[in-house]
>>> print(open('my_file06.cif').read())   # mmCIF, C-alpha atoms and all ligand atoms
data_coords
loop_
_atom_site.label_atom_id
_atom_site.label_comp_id
_atom_site.auth_asym_id
_atom_site.auth_seq_id
_atom_site.Cartn_x
_atom_site.Cartn_y
_atom_site.Cartn_z
CA MET S 1 85.18 -14.45 -3.05
CA PRO S 2 85.97 -12.31 0.05
CA ILE S 3 88.75 -9.78 -0.52
CA LYS S 4 91.95 -11.11 1.06
CA ASN S 5 93.32 -8.68 3.65
CA LYS S 6 90.30 -6.39 3.37
CA THR S 7 91.08 -2.79 4.32
CA LEU S 8 89.03 -0.81 6.83
CA GLY S 9 87.84 1.42 4.00
CA GLU S 10 86.59 -1.57 1.96
CA PHE S 11 84.94 -3.04 5.07
CA ILE S 12 83.09 0.21 5.84
CA ILE S 13 81.75 0.51 2.30
CA GLU S 14 80.78 -3.17 2.21
CA ASN S 15 78.84 -2.88 5.49
CA GLN S 16 77.45 0.64 5.42
CA SER S 17 74.03 -0.59 4.30
CA GLN S 18 73.73 -2.26 7.76
CA PHE S 19 73.82 1.20 9.32
CA LYS S 20 70.16 2.13 9.75
CA TYR S 21 70.77 5.82 9.14
CA SER S 22 72.14 7.59 6.10
CA GLU S 23 74.80 5.29 4.70
CA GLY S 24 77.50 7.82 3.95
CA GLU S 25 77.50 9.40 7.41
CA LEU S 26 78.83 6.40 9.30
CA SER S 27 81.58 5.94 6.73
CA ARG S 28 82.68 9.54 7.13
CA LEU S 29 82.50 9.25 10.93
CA ILE S 30 84.63 6.10 11.12
CA ASN S 31 86.99 7.48 8.47
CA SER S 32 87.58 10.63 10.53
CA ILE S 33 88.41 8.46 13.55
CA ARG S 34 90.72 6.34 11.38
CA LEU S 35 92.62 9.45 10.26
CA ALA S 36 93.03 10.82 13.79
CA ALA S 37 94.10 7.36 15.01
CA LYS S 38 96.99 7.30 12.53
CA VAL S 39 98.11 10.81 13.49
CA VAL S 40 98.00 10.01 17.24
CA ASN S 41 99.65 6.63 16.69
CA HIS S 42 102.62 8.35 15.07
CA GLU S 43 103.02 10.70 18.03
CA VAL S 44 102.52 7.97 20.65
CA ASN S 45 105.16 5.83 18.98
CA LYS S 46 107.79 8.55 19.19
CA ALA S 47 106.90 9.49 22.79
CA GLY S 48 109.99 7.59 23.91
CA LEU S 49 112.08 10.23 22.20
CA VAL S 50 110.53 12.92 24.34
CA ASP S 51 113.86 13.67 26.05
CA ILE S 52 115.26 14.50 22.65
CA LEU S 53 112.08 16.12 21.42
CA GLY S 54 111.38 18.05 24.61
CA GLN S 55 109.07 17.47 27.57
CA ALA S 56 105.45 18.64 27.44
CA GLY S 57 105.37 22.38 27.79
CA GLU S 58 108.88 22.83 26.39
CA VAL S 59 109.87 23.66 22.82
CA ASN S 60 111.20 20.60 20.99
CA ILE S 61 114.08 20.40 18.51
CA GLN S 62 111.71 21.21 15.67
CA GLY S 63 110.90 24.40 17.53
CA GLU S 64 107.33 23.16 18.20
CA ALA S 65 105.73 23.43 21.62
CA GLN S 66 105.78 19.89 23.03
CA GLN S 67 102.28 18.98 24.26
CA LYS S 68 101.13 16.42 26.76
CA LEU S 69 100.06 13.48 24.61
CA ASP S 70 96.51 13.36 25.96
CA VAL S 71 96.10 17.06 25.10
CA TYR S 72 97.60 16.37 21.68
CA ALA S 73 95.32 13.37 21.08
CA ASN S 74 92.29 15.38 22.20
CA GLU S 75 93.07 18.15 19.72
CA LYS S 76 93.68 15.73 16.83
CA PHE S 77 90.40 13.83 17.33
CA ILE S 78 88.40 17.05 17.76
CA HIS S 79 89.95 18.46 14.58
CA ALA S 80 89.31 15.28 12.55
CA LEU S 81 85.70 15.02 13.78
CA THR S 82 84.95 18.70 13.24
CA ARG S 83 86.11 18.80 9.62
CA ARG S 84 83.66 16.22 8.28
CA GLU S 85 80.32 18.05 8.69
CA ILE S 86 78.68 15.09 10.46
CA VAL S 87 79.19 15.82 14.15
CA CYS S 88 77.21 18.50 16.01
CA GLY S 89 78.87 18.01 19.39
CA ILE S 90 81.83 16.38 21.13
CA ALA S 91 82.36 15.46 24.79
CA SER S 92 85.83 14.51 25.92
CA GLU S 93 87.57 13.39 29.09
CA GLU S 94 89.89 16.34 28.42
CA GLU S 95 87.08 18.93 28.22
CA GLU S 96 85.08 20.15 31.23
CA ASP S 97 82.00 20.87 29.10
CA PHE S 98 80.82 19.52 25.75
CA ILE S 99 81.87 21.29 22.55
CA ARG S 100 79.21 22.62 20.14
CA ILE S 101 80.04 22.28 16.45
CA GLU S 102 77.62 24.70 14.84
CA GLY S 103 78.71 24.51 11.20
CA ASN S 104 76.27 23.36 8.55
CA ASN S 105 73.50 25.33 10.32
CA ASN S 106 73.43 22.71 13.12
CA THR S 107 72.17 20.08 10.67
CA ASN S 108 74.87 17.57 11.68
CA LYS S 109 73.21 14.61 13.39
CA TYR S 110 75.83 12.84 15.54
CA VAL S 111 77.54 13.42 18.86
CA VAL S 112 80.83 11.75 19.77
CA LEU S 113 82.04 11.11 23.33
CA MET S 114 85.65 10.08 23.82
CA ASP S 115 88.58 9.43 26.07
CA PRO S 116 91.27 10.56 23.64
CA LEU S 117 94.16 8.86 25.43
CA ASP S 118 93.15 6.47 28.20
CA GLY S 119 95.92 5.24 30.46
CA SER S 120 98.23 8.05 29.35
CA SER S 121 100.36 7.67 32.50
CA ASN S 122 101.59 4.43 30.89
CA ILE S 123 103.26 6.37 28.07
CA ASP S 124 106.29 7.32 30.19
CA VAL S 125 106.95 3.63 30.93
CA ASN S 126 106.34 2.47 27.35
CA VAL S 127 103.17 0.52 28.16
CA SER S 128 100.21 0.46 25.77
CA VAL S 129 97.45 3.09 25.89
CA GLY S 130 94.20 3.58 24.02
CA THR S 131 91.55 5.90 22.62
CA ILE S 132 87.89 5.11 23.39
CA PHE S 133 84.93 6.56 21.43
CA SER S 134 81.15 6.38 21.63
CA ILE S 135 78.72 7.68 18.98
CA TYR S 136 75.04 8.65 19.31
CA ARG S 137 72.46 10.34 17.10
CA ARG S 138 71.33 13.63 18.62
CA VAL S 139 67.89 13.61 20.26
CA THR S 140 67.23 17.39 20.14
CA PRO S 141 65.88 18.92 16.90
CA VAL S 142 68.30 18.96 13.95
CA GLY S 143 69.01 22.61 13.08
CA SER S 144 69.21 23.73 16.70
CA PRO S 145 72.41 23.89 18.83
CA VAL S 146 73.28 20.57 20.45
CA GLN S 147 72.28 20.26 24.13
CA LEU S 148 73.55 18.35 27.17
CA GLU S 149 70.69 15.85 26.80
CA ASP S 150 72.15 14.77 23.45
CA PHE S 151 75.12 13.43 25.43
CA LEU S 152 73.28 12.05 28.47
CA GLN S 153 71.78 9.10 26.61
CA LYS S 154 71.74 5.51 27.88
CA GLY S 155 74.49 3.31 26.48
CA SER S 156 71.79 1.22 24.79
CA GLU S 157 71.22 4.17 22.41
CA GLN S 158 74.77 4.13 21.00
CA VAL S 159 74.94 3.74 17.20
CA ALA S 160 78.65 2.92 17.18
CA ALA S 161 81.56 2.55 19.62
CA GLY S 162 85.13 1.39 19.58
CA TYR S 163 88.72 1.85 20.64
CA ILE S 164 92.20 2.19 19.23
CA VAL S 165 94.86 0.30 21.18
CA TYR S 166 98.39 1.66 20.66
CA GLY S 167 100.19 -1.54 21.61
CA THR S 168 102.82 -3.78 20.06
CA SER S 169 100.70 -3.12 17.01
CA THR S 170 98.03 -0.47 16.60
CA MET S 171 94.47 -1.77 16.25
CA LEU S 172 91.09 -0.16 15.66
CA VAL S 173 88.23 -2.27 17.10
CA TYR S 174 84.65 -1.09 16.65
CA THR S 175 80.99 -2.03 16.40
CA THR S 176 77.91 -0.46 14.80
CA GLY S 177 75.62 -3.00 16.48
CA HIS S 178 76.39 -5.82 14.06
CA GLY S 179 79.23 -7.59 15.85
CA VAL S 180 82.79 -6.46 16.63
CA ASN S 181 85.64 -6.32 14.11
CA GLY S 182 89.34 -5.59 14.63
CA PHE S 183 91.67 -3.86 12.16
CA THR S 184 95.46 -3.79 12.45
CA LEU S 185 97.48 -0.86 11.14
CA ASN S 186 100.27 -1.52 8.69
CA PRO S 187 102.39 1.51 9.66
CA ALA S 188 104.54 1.18 6.54
CA ILE S 189 101.64 2.23 4.33
CA GLY S 190 99.23 3.73 6.91
CA THR S 191 96.43 1.27 6.13
CA PHE S 192 94.24 -0.64 8.60
CA TYR S 193 93.55 -4.26 7.56
CA LEU S 194 90.76 -6.54 8.83
CA SER S 195 92.77 -8.87 11.09
CA HIS S 196 90.12 -9.97 13.67
CA PRO S 197 86.71 -10.43 12.04
CA ASN S 198 83.63 -11.06 14.23
CA LEU S 199 85.41 -10.97 17.61
CA LYS S 200 83.74 -12.95 20.42
CA PHE S 201 84.57 -13.16 24.14
CA PRO S 202 84.95 -16.76 25.37
CA GLU S 203 82.04 -17.56 27.76
CA ARG S 204 84.60 -18.13 30.51
CA GLY S 205 88.32 -17.48 30.87
CA ASN S 206 90.94 -17.69 33.58
CA ILE S 207 92.15 -14.07 33.78
CA TYR S 208 90.96 -11.43 36.22
CA SER S 209 92.02 -7.77 35.94
CA ILE S 210 91.71 -5.53 39.01
CA ASN S 211 94.00 -3.28 41.04
CA GLU S 212 94.41 -5.53 44.08
CA GLY S 213 96.43 -2.81 45.80
CA TYR S 214 93.09 -1.37 46.91
CA TYR S 215 91.89 -4.73 48.29
CA GLN S 216 91.32 -3.41 51.82
CA HIS S 217 89.05 -0.70 50.40
CA PHE S 218 86.85 -2.94 48.24
CA PRO S 219 83.21 -3.90 48.98
CA GLN S 220 82.87 -7.34 50.62
CA GLY S 221 81.33 -8.81 47.45
CA VAL S 222 84.49 -7.95 45.48
CA LYS S 223 86.68 -9.41 48.24
CA ASP S 224 84.60 -12.61 48.11
CA TYR S 225 85.00 -12.79 44.33
CA LEU S 226 88.78 -12.31 44.55
CA LYS S 227 89.03 -15.15 47.05
CA TYR S 228 86.93 -17.26 44.64
CA CYS S 229 89.40 -16.45 41.82
CA GLN S 230 92.35 -17.43 43.99
CA GLU S 231 91.14 -20.67 45.58
CA GLU S 232 92.53 -24.07 44.50
CA LYS S 233 89.72 -25.64 42.46
CA GLU S 234 89.27 -27.42 39.14
CA ASP S 235 89.65 -24.29 36.99
CA ARG S 236 91.30 -22.02 39.56
CA PRO S 237 93.30 -20.15 40.73
CA TYR S 238 92.87 -17.72 37.85
CA LYS S 239 95.74 -15.58 36.56
CA ALA S 240 95.93 -11.91 37.63
CA ARG S 241 96.70 -9.59 34.72
CA TYR S 242 96.36 -5.81 35.17
CA ILE S 243 98.03 -3.43 32.72
CA GLY S 244 96.63 -0.17 34.08
CA SER S 245 95.11 0.56 30.67
CA LEU S 246 91.42 -0.35 30.33
CA VAL S 247 91.64 -0.77 26.56
CA SER S 248 94.59 -3.17 26.79
CA ASP S 249 93.09 -5.28 29.59
CA PHE S 250 89.73 -5.39 27.78
CA HIS S 251 91.37 -6.33 24.46
CA ARG S 252 93.37 -9.19 25.98
CA ASN S 253 90.34 -10.46 27.92
CA MET S 254 88.21 -10.39 24.74
CA LEU S 255 90.77 -12.52 22.88
CA LYS S 256 91.54 -14.94 25.74
CA GLY S 257 88.53 -14.74 28.07
CA GLY S 258 88.56 -12.83 31.32
CA ILE S 259 86.98 -10.20 33.55
CA TYR S 260 87.96 -6.60 34.25
CA ILE S 261 86.73 -4.99 37.47
CA TYR S 262 87.03 -1.40 38.67
CA PRO S 263 84.73 -1.37 41.72
CA THR S 264 83.74 1.28 44.19
CA SER S 265 86.10 1.69 47.11
CA SER S 266 86.65 4.08 49.99
CA LYS S 267 89.14 5.77 47.64
CA ASN S 268 86.71 5.88 44.69
CA PRO S 269 83.17 5.86 46.20
CA GLN S 270 81.55 5.93 42.73
CA GLY S 271 84.27 3.86 41.07
CA LYS S 272 86.93 5.50 38.86
CA LEU S 273 85.83 4.84 35.29
CA ARG S 274 83.56 7.29 33.47
CA LEU S 275 80.16 6.01 32.36
CA LEU S 276 79.83 7.99 29.13
CA TYR S 277 83.17 7.60 27.37
CA GLU S 278 84.76 4.58 29.02
CA CYS S 279 82.14 2.18 30.38
CA ASN S 280 79.33 2.58 27.82
CA PRO S 281 81.49 2.12 24.69
CA MET S 282 83.33 -0.86 26.23
CA ALA S 283 79.98 -2.30 27.36
CA PHE S 284 78.56 -1.97 23.81
CA LEU S 285 81.60 -3.81 22.43
CA ALA S 286 81.38 -6.46 25.18
CA GLU S 287 77.70 -7.18 24.53
CA GLN S 288 78.24 -7.22 20.77
CA ALA S 289 81.04 -9.75 21.35
CA GLY S 290 78.67 -11.96 23.40
CA ALA S 291 79.90 -10.80 26.81
CA LYS S 292 78.55 -8.71 29.68
CA ALA S 293 79.06 -5.35 31.42
CA SER S 294 77.44 -4.25 34.69
CA ASP S 295 78.07 -2.07 37.72
CA GLY S 296 78.04 -5.25 39.80
CA TYR S 297 74.25 -5.17 40.05
CA LYS S 298 72.69 -3.80 36.83
CA ARG S 299 73.49 -3.58 33.10
CA ILE S 300 75.82 -0.66 32.37
CA MET S 301 73.98 0.29 29.17
CA ALA S 302 70.67 0.62 31.06
CA ILE S 303 72.00 3.35 33.38
CA LYS S 304 70.49 6.78 32.66
CA PRO S 305 73.39 9.26 32.76
CA THR S 306 73.03 12.40 34.88
CA ALA S 307 76.38 14.12 34.25
CA LEU S 308 79.05 14.17 31.52
CA HIS S 309 81.89 12.92 33.72
CA GLN S 310 80.00 10.70 36.12
CA ARG S 311 81.78 7.58 37.38
CA VAL S 312 80.34 4.09 37.87
CA PRO S 313 81.70 0.76 39.12
CA PHE S 314 82.58 -1.49 36.17
CA PHE S 315 82.50 -5.30 35.86
CA CYS S 316 83.09 -6.36 32.25
CA GLY S 317 84.05 -9.50 30.37
CA SER S 318 83.21 -13.15 29.85
CA ASN S 319 79.56 -13.82 30.61
CA GLU S 320 80.01 -16.58 33.18
CA MET S 321 82.77 -14.70 35.02
CA VAL S 322 80.76 -11.47 35.33
CA SER S 323 77.76 -13.53 36.49
CA ASP S 324 79.94 -15.19 39.17
CA ALA S 325 81.03 -11.77 40.42
CA GLU S 326 77.44 -10.43 40.37
CA ARG S 327 76.28 -13.46 42.38
CA MET S 328 78.76 -12.53 45.11
CA MET S 329 77.87 -8.84 44.97
CA ALA S 330 74.18 -9.75 45.34
CA LYS S 331 74.84 -11.11 48.84
CA TYR S 332 75.31 -7.50 50.01
CA PRO S 333 73.04 -4.47 49.56
CA GLU S 334 74.03 -2.23 46.63
CA ASP S 335 74.78 0.69 48.94
CA SER S 336 76.75 -1.41 51.41
CA LYS S 337 79.88 0.30 52.57
CA TYR S 338 83.30 -1.24 51.98
P1 LIG B 401 94.35 2.52 38.76
C1 LIG B 401 93.58 4.72 33.31
O1 LIG B 401 93.76 5.89 34.10
C2 LIG B 401 92.26 4.09 33.73
O2 LIG B 401 91.22 4.98 33.48
C3 LIG B 401 92.05 2.75 33.04
O3 LIG B 401 92.52 2.75 31.74
C4 LIG B 401 92.81 1.80 33.93
O4 LIG B 401 92.32 0.46 33.87
C5 LIG B 401 92.58 2.40 35.32
O5 LIG B 401 92.33 3.79 35.13
C6 LIG B 401 93.81 2.26 36.22
O6 LIG B 401 93.47 2.85 37.44
O7 LIG B 401 93.63 3.21 39.89
O8 LIG B 401 94.33 1.02 38.92
O9 LIG B 401 95.72 3.06 38.47
#
>>> encode(input="my_file06.cif", output="structure tokens")
Amino acid sequence: MPIKNKTLGEFIIENQSQFKYSEGELSRLINSIRLAAKVVNHEVNKAGLVDILGQAGEVNIQGEAQQKLDVYANEKFIHALTRREIVCGIASEEEEDFIRIEGNNNTNKYVVLMDPLDGSSNIDVNVSVGTIFSIYRRVTPVGSPVQLEDFLQKGSEQVAAGYIVYGTSTMLVYTTGHGVNGFTLNPAIGTFYLSHPNLKFPERGNIYSINEGYYQHFPQGVKDYLKYCQEEKEDRPYKARYIGSLVSDFHRNMLKGGIYIYPTSSKNPQGKLRLLYECNPMAFLAEQAGAKASDGYKRIMAIKPTALHQRVPFFCGSNEMVSDAERMMAKYPEDSKY
């Protein structure tokens, strides 16, 4: 008889045998992310009191230095990941270079890449934000200091990935390569409960998410796709929904069906989103939920990274919708200007 309202902890233990490496390690990894998520969630939820508590850089009424929330989130996730003797290196959107964790004689086997607080500019206007994480096994010899190549692995090599969305409720959604499951935090007791088992993107939806303010700067293939979305046909026009927070747009599109696009433009010649800690983890989740993620031409998780903070164009969501967009992009050479 399945446990009613299974907790994240029970779910991890129940499923850790699926994890092809040492069973306990994944549990400790996900548990450290769970802990940091609760700490950050508490701070994000009181951000609205910042005028009382003090702006970033000031001293708040408790006499503590008020930090920018993305700096705060970065520190909390690094601390939680460092304590558990499993991670040998961390790369973060907030850190120029990767961080070596050399405890345990460099015998820790995992690297974590993260965007600790994506969409943080939404905080000031009380709109949801998220944390995105991506987990790999190191490829350099255990026992030696972690190297850049441990981080520059294709997305297809990820062993786990997920996000926390700090929205009307706080959810942790993750995959270890055996489907996608969503857990909702009960803030009263600080416990995540399995609320969305085995999440799947609908094959097609009627929502498209893109910043149309840059329309004039988009490649012609994107302009063609937007016109396709907006024309009067049997299932169109689609609805435009763009929150300005990748995690929130992705989460809604996964539940309802939809496509998220952040293309190249004359303003962002490589696109805006980062391959390693935004696109790859969201692409892993998308594929595990039966959907698709590409740069408009090729699978995101097949791209060989060349730099920690490299950017790529990102088309992600319901299979048939991403395929429609790719069909229009294919009419123009990949390096065609806007
Ligand atoms: P723009 C947030 O900064 C982010 O990385 C994503 O979460 C979001 O979808 C996108 O950038 C918003 O960017 O240029 O539309 O404001």
>>> closest_residue(input="my_file06.cif", among="S:Tyr242, S:Tyr21, S:Tyr163, S:Phe11", to="ligand LIG 401 (chain B)", atoms="all atoms listed in the file")
S:Tyr242
>>> atom_distance(input="my_file06.cif", atom1="CA of Gln16 (chain S)", atom2="CA of Asn181 (chain S)")
13.8 Å
>>> closest_residue(input="my_file06.cif", among="S:Tyr193, S:Phe98, S:Tyr208, S:Tyr262", to="Glu278 (chain S)", atoms="only C-alpha atoms")
S:Tyr262
>>> residues_around(input="my_file06.cif", residues="Thr306 (chain S)", least_positions_apart="4", cutoff="12 Å", atoms="all atoms listed in the file", output="PyMOL selection string")
chain S and resi 148-154+274-276+310-312
>>> atom_distance(input="my_file06.cif", atom1="CA of Ala307 (chain S)", atom2="CA of Glu96 (chain S)")
11.0 Å
>>> residues_around(input="my_file06.cif", residues="Phe183 (chain S)", least_positions_apart="6", cutoff="8 Å", atoms="only C-alpha atoms", output="list of chain:residue names")
S:Thr7, S:Leu8, S:Met171, S:Leu172, S:Val173, S:Phe192, S:Tyr193, S:Leu194, S:Ser195, S:His196
>>> atom_distance(input="my_file06.cif", atom1="CA of Asn211 (chain S)", atom2="atom O8 of ligand LIG 401 (chain B)")
4.8 Å
>>> closest_atom_pairs(input="my_file06.cif", of="chain S", to="ligand LIG 401 (chain B)", cutoff="6 Å", atoms="all atoms listed in the file", output="CSV")
residue,atom,partner,partner_atom,distance
S:Asp118,CA,B:LIG401,O3,5.2
S:Gly119,CA,B:LIG401,C1,3.7
S:Asn211,CA,B:LIG401,O8,4.8
S:Gly244,CA,B:LIG401,C6,4.3
S:Ser245,CA,B:LIG401,O3,3.6
S:Leu246,CA,B:LIG401,O3,3.6
S:Leu273,CA,B:LIG401,O2,5.7
>>> closest_residue(input="my_file06.cif", among="S:Ser156, S:Asn198, S:Ser318, S:Asn186", to="Phe250 (chain S)", atoms="only C-alpha atoms")
S:Ser318
>>> residues_around(input="my_file06.cif", residues="Ile135 (chain S)", least_positions_apart="5", cutoff="7 Å", atoms="all atoms listed in the file", output="ChimeraX atom specification")
/S:110-113,158-161
>>> residues_around(input="my_file06.cif", residues="Tyr332 (chain S)", least_positions_apart="6", cutoff="10 Å", atoms="all atoms listed in the file", output="PyMOL selection string")
chain S and resi 219-221
>>> closest_residue(input="my_file06.cif", among="S:Gly167, S:Gly130, S:Gly296, S:Pro197", to="Leu185 (chain S)", atoms="only C-alpha atoms")
S:Gly167
>>> axis_aligned_box(input="my_file06.cif", around="region 175-190 of chain S", padding_each_side="5 Å", output="AutoDock Vina command-line options")
--center_x 90.1 --center_y -1.9 --center_z 10.5 --size_x 38.9 --size_y 21.3 --size_z 22.3
>>> closest_residue(input="my_file06.cif", among="S:Ser121, S:Ser248, S:Ser128, S:Asn206", to="Gln230 (chain S)", atoms="only C-alpha atoms")
S:Asn206
>>> closest_residue(input="my_file06.cif", among="S:Pro305, S:Ile123, S:Leu285, S:Leu199", to="Leu255 (chain S)", atoms="only C-alpha atoms")
S:Leu199
>>> residues_around(input="my_file06.cif", residues="Ile90 (chain S)", least_positions_apart="3", cutoff="12 Å", atoms="all atoms listed in the file", output="JSON, numbers by chain")
{"S": [74, 75, 77, 78, 79, 80, 81, 82, 86, 87, 93, 94, 95, 96, 97, 98, 99, 100, 101, 102, 108, 109, 110, 111, 112, 113, 114, 115, 116, 133, 134, 135, 136, 137, 138, 146, 147, 148, 150, 151, 276, 277, 308]}
>>> residues_near_point(input="my_file06.cif", point="(74.8, 28.4, 10.1)", cutoff="12 Å", atoms="all atoms listed in the file", output="list in words")
Glu85, Cys88, Ile101, Glu102, Gly103, Asn104, Asn105, Asn106, Thr107, Asn108, Gly143, Ser144 and Pro145 of chain S
